[in-house]
Amino acid sequence: IIGVKNNTKSTGYPISLLEDKDLIGTEKFTDKEIKSSEDIKNEFNIRHFIKEINMLEKASNDFNYIEKQRGELVHKILGKIEFLRSGEAVEKVSEIVERTLFQEKQKYNEKELTKTITGFFEKSGIIDFFEYRDERKVFIEQEYVTKKGEMFRMDRVVVDNDKVSVIDFKTGNKDKEGVYKNQVINYMNILKNIYSGKTIEGYLAYVDLQEMRRI
């Protein structure tokens, strides 16, 4: 804007020019207000990096959710097996995996799950705790309450004449074994108060690793 309409005839011009101080847009930009191509590039890189972080976090969360869902599925499959007779692991596990996937409407690889769980029974030594015995009692996903009123659900508790064994099933790796170990120790202490006079044993059973260790 350099002028305004002149309503008087004193100047003889149709407009009156504005003084310099009134001009709009005469201020000069400082160097700080003008972004260099390097600044723009760095800003883009920062935004792009943040976007990559968000994508990685989302991928990690999705992976953790899938792993958690798979772990729950494996627990449900094992929870449907009270006893296994010698030589029937493959047939029975295959049948239960197929039925569970259908009931839960899951699309996990049936052959992979069957192979993993069957291998777990054959290689880890866990089969001993699924063997049928007349005097044996098995409690699956049983909830126990402490004297403080705290409730804990144990995967598998096997009660024999002379001992009680608690087995905690885990999928994945041993990254949190310290936490898992403390959890089993807590279970053992709870069972000591219930089954006084019996030996209490605790086990961590890693399904994917196909191994088991006594705590």
# chains A, B, ... in the order shown; residues from 1 in each chain; ligands from 1
>>> residues_around(residues="A:Gln103", least_positions_apart="5", cutoff="12 Å", atoms="only C-alpha atoms", output="JSON, numbers by chain")
{"A": [73, 76, 77, 96, 97, 98]}
>>> residues_around(residues="A:Tyr187", least_positions_apart="6", cutoff="12 Å", atoms="only C-alpha atoms", output="list in words")
Gln142, Glu143, Tyr144, Val145, Thr146, Glu150, Met151, Phe152, Arg153, Met154, Asp155, Arg156, Val157, Val164, Ser165, Val166, Ile167, Asp168, Tyr180, Lys181, Asn193, Ile194, Ile200, Glu201, Gly202, Tyr203, Leu204 and Ile215 of chain A
>>> closest_residue(among="A:Thr171, A:Gly178, A:Arg214, A:Asp208", to="A:Lys115", atoms="only C-alpha atoms")
A:Asp208
>>> residues_around(residues="A:Lys198", least_positions_apart="3", cutoff="7 Å", atoms="only C-alpha atoms", output="ChimeraX atom specification")
/A:162-164,195
>>> closest_residue(among="A:Glu91, A:Glu122, A:Asp160, A:Glu141", to="A:Val207", atoms="only C-alpha atoms")
A:Glu122
>>> atom_distance(atom1="atom CA of A:Phe130", atom2="atom CA of A:Ile81")
7.9 Å
